[in-house]
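To start, the structure under review is shown below, and the notes come after it.
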2 protein chains.
Amino acid sequence: MVAIAKILIIDDNAKYLADALPLYGYEVEIAKDGLQGIKKLTAENSSFDLVLLDVMMPNMDGWETLKAIRQNKKFENIPIIMITAINEEQKEISGLKFGADDYVVKPFILPNLLARIEALLRRSSWQKEKHTNVDLKFVKEGNIEPLTSREKEILKMVSQGASNNDIAEKLYVREVTVKTHLNSIFKKLKVKNRTQAVLLAMQMRIIED
Amino acid sequence: MVAIAKILIIDDNAKYLADALPLYGYEVEIAKDGLQGIKKLTAENSSFDLVLLDVMMPNMDGWETLKAIRQNKKFENIPIIMITAINEEQKEISGLKFGADDYVVKPFILPNLLARIEALLRRSSWQKEKHTNVDLKFVKEGNIEPLTSREKEILKMVSQGASNNDIAEKLYVREVTVKTHLNSIFKKLKVKNRTQAVLLAMQMRIIED
DNA sequence: GCGGATATACTACTTTAGTTGTAATTTTAA
DNA sequence: TTAAAATTACAACTAAAGTAGTATATCCGC
């Protein structure tokens with residue numbers, strides 16, 4: 001829908017992304033570590049619209065790279081999405097304060113990442129003004145419509161491997177009702193099916209316990 | 001299949017388990033913290049076959065409770081399964097060395113937990129001899145048949161939200177082949193469907209990245 | 001080179017899941 | 001006390017997933 005955007009992926013194992021993103025109309029370039037990433041970003045003829053930055057990398061890790069990029073006046077406003085592993089994000093994610101615009105947790109759901117990319121590109125095309133740090137709260141909920149309590153309840157059961165029928169029985173409602181709820185959930189989370197919803201739910205910690 | 005076993009659940013939020021286990025023929029009793037758990041376990045007329053012990057609990061946490069149970073000569077051999085949250089298990093799980101027989105990660109897959117319970121009950125019914133600490137490696141792979149590399153590859157893709165068709169295209173095989181593989185995977189992991197497989201995979205860290 | 005495991009593939013199903021659109025009750029908040 | 005959410009529900013689908021049994025290359029180790 002949007003114009004073709006050029007994305008710089010800084011990740012030592014970006015094969016999956018490099019394969020996937022072009023299918024959705026993005027032009028991608030890969031750097032396998034922070035140093036190479038900055039080199040590509042600052043090269044004469046280059047012009048990237050967004051950076052995908054993996055936290056775990058050899059030589060120069062994601063946080064250092066992020067700092068280095070933001071220190072360059074020319075790139076203080078470029079949208080950056082951090083990619084973190086499921087275990088490290090807890091404390092480290094506070095690093096968002098240092099200039100990332102959003103983050104996704106690995107293994108991530110492609111439609112979710114795509115939605116985030118598009119949201120950031122859209123945002124940065126209106127507001128060409130100065131980069132403002134988003135606060136954590138916003139990012140956590142970011143781009144995701146809030147679920148109602150019933151929806152959370154159902155998503156939680158799905159996340160325990162329950163079938164629609166299982167859920168219907170336990171909640172004393174009809175299976176069609178469960179399906180209706182699930183459809184709303186899928187739409188809100190921008191995912192295609194229950195597997196993706198579960199993965200996203202775990203990543204976003206929508207389901208606690 | 002096995003005789004009716006009595007299980008003590010020590011968990012401050014055991015509603016789900018308390019609802020689910022009786023459906024599979026287990027008799028359950030609940031203690032909402034470690035102190036109460038030990039009281040129930042050591043009560044005159046009680047006789048439990050297995051203990052499910054949550055790590056996160058008020059008053060006396062799971063590890064303390066585990067130690068306390070094992071210190072009692074009468075219970076040094078009772079099968080204990082620890083229930084840990086996905087974030088804490090990394091370092092803490094070394095606590096297995098102090099006497100737990102197995103562990104599951106929350107949110108867990110019921111069929112997986114059931115398989116572990118049954119395996120432990122089976123084991124403890126043959127070998128009435130002294131409790132021997134299992135080593136971590138065994139527990140990690142424990143009760144799960146190893147997946148072939150192709151199976152792991154497919155499971156990983158499923159864990160990124162891919163459909164059977166997506167997988168078939170990327171691996172240049174037919175969708176039926178993917179289904180065949182998935183069926184083997186489900187049987188090996190003792191799960192019913194892809195959602196449960198993904199959850200189990202994440203918990204067991206079968207898929208890395 | 002033989003046997004076993006692995007990977008592929010098929011038929012012919014059955015069963016779940018997911019979609020679209022519509023709509024009646026409750027709740028809840030302004 | 002209304003207007004807006006939220007929850008429940010249905011029909012009538014289509015699509016995807018999962019099952020069961022069988023079968024053929026191929027690779028790998030001994």
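Here's how to read the names in the structure tokens: chain A, B, ... by the order shown, residue numbers from 1 in each chain, ligand numbers from 1 in the order shown.
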
Do you have, as a Markdown table, the list of residues of chain B lying at most 12 Å from chain D, each with its nearest atom pair and that distance in Å to one decimal, counting only C-alpha atoms (C1' of nucleotides) and ordered by chain then number?
```
| residue | atom | partner | partner_atom | distance |
| --- | --- | --- | --- | --- |
| B:Ser163 | CA | D:DA16 | C1' | 8.5 |
| B:Asn164 | CA | D:DA17 | C1' | 8.3 |
| B:Asn165 | CA | D:DA16 | C1' | 9.3 |
| B:Asp166 | CA | D:DA16 | C1' | 11.9 |
| B:Glu175 | CA | D:DA17 | C1' | 10.9 |
| B:Val176 | CA | D:DG18 | C1' | 10.8 |
| B:Val178 | CA | D:DA17 | C1' | 11.1 |
| B:Lys179 | CA | D:DG18 | C1' | 7.7 |
| B:Thr180 | CA | D:DG18 | C1' | 9.6 |
| B:His181 | CA | D:DG18 | C1' | 11.5 |
| B:Leu182 | CA | D:DG18 | C1' | 9.0 |
| B:Asn183 | CA | D:DG18 | C1' | 7.7 |
| B:Ser184 | CA | D:DT19 | C1' | 11.4 |
| B:Phe186 | CA | D:DG18 | C1' | 10.1 |
| B:Lys187 | CA | D:DT19 | C1' | 11.7 |
| B:Val191 | CA | D:DG18 | C1' | 11.9 |
| B:Lys192 | CA | D:DG18 | C1' | 8.9 |
| B:Asn193 | CA | D:DG18 | C1' | 7.7 |
| B:Arg194 | CA | D:DA17 | C1' | 8.9 |
| B:Thr195 | CA | D:DA17 | C1' | 11.3 |
```

Could you write those residues out with C-alpha atoms, as a PDB file, in the first residue's frame?
```pdb
ATOM      1  CA  SER B 163       1.009 -22.743   7.733  1.00  0.00           C
ATOM      2  CA  ASN B 164       1.584 -26.185   6.271  1.00  0.00           C
ATOM      3  CA  ASN B 165       1.433 -24.656   2.856  1.00  0.00           C
ATOM      4  CA  ASP B 166       4.013 -21.984   3.703  1.00  0.00           C
ATOM      5  CA  GLU B 175       2.020 -30.185   1.719  1.00  0.00           C
ATOM      6  CA  VAL B 176       1.191 -33.824   2.418  1.00  0.00           C
ATOM      7  CA  VAL B 178       4.696 -31.562   5.797  1.00  0.00           C
ATOM      8  CA  LYS B 179       1.606 -33.127   7.285  1.00  0.00           C
ATOM      9  CA  THR B 180       3.327 -36.476   7.554  1.00  0.00           C
ATOM     10  CA  HIS B 181       6.230 -34.878   9.367  1.00  0.00           C
ATOM     11  CA  LEU B 182       3.921 -32.953  11.635  1.00  0.00           C
ATOM     12  CA  ASN B 183       2.107 -36.111  12.532  1.00  0.00           C
ATOM     13  CA  SER B 184       5.363 -37.704  13.611  1.00  0.00           C
ATOM     14  CA  PHE B 186       2.876 -34.596  17.357  1.00  0.00           C
ATOM     15  CA  LYS B 187       3.264 -38.243  18.281  1.00  0.00           C
ATOM     16  CA  VAL B 191       0.601 -33.349  21.706  1.00  0.00           C
ATOM     17  CA  LYS B 192      -2.596 -33.025  19.732  1.00  0.00           C
ATOM     18  CA  ASN B 193      -2.019 -30.133  17.404  1.00  0.00           C
ATOM     19  CA  ARG B 194       0.345 -27.454  16.225  1.00  0.00           C
ATOM     20  CA  THR B 195      -0.523 -24.979  18.923  1.00  0.00           C
TER      21      THR B 195
END
```

Inset, instruction - Give as a PyMOL selection string every residue of chain B that touches chain A within 6 Å, counting only C-alpha atoms. - result: chain B and resi 109+160-161+195-196

Legend entry - Selected residue of minimal separation from chain B among C:DA30, C:DT25, C:DG3, C:DT16, counting only C-alpha atoms (C1' of nucleotides):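 Closest residue, counting only C-alpha atoms (C1' of nucleotides): C:DT16.
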
Inset, instruction - Select all residues from chain B having any atom no more than 8 Å from an atom of chain C (counting only C-alpha atoms (C1' of nucleotides), ignoring ligands), output as a VMD selection string. - result: chain B and resid 148 173 to 174 176 to 177

Let me see the file: selected residues, C-alpha atoms, as a short mmCIF file (atom, residue, chain, number, x, y, z; two decimals), in the first residue's frame.
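Final output, saved to part-v5.cif:
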```
data_model
loop_
_atom_site.label_atom_id
_atom_site.label_comp_id
_atom_site.auth_asym_id
_atom_site.auth_seq_id
_atom_site.Cartn_x
_atom_site.Cartn_y
_atom_site.Cartn_z
CA THR B 148 15.04 -35.53 13.45
CA VAL B 173 8.11 -30.43 -0.73
CA ARG B 174 4.44 -31.26 -0.92
CA VAL B 176 1.19 -33.82 2.42
CA THR B 177 4.81 -34.37 3.30
#
```

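Separating CA of Ile30 in chain B from CA of Val51 in chain B is a distance of 10.1 Å.
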
Inset, instruction - Calculate how many Å separate CA of Ala168 in chain A from CA of Leu189 in chain A, rounding to one decimal. - result: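 A separation of 21.2 Å between them.
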
Legend entry - For CA of Asn59 in chain B and CA of Leu35 in chain B, the interatomic separation in Å (one decimal): 7.6 Å
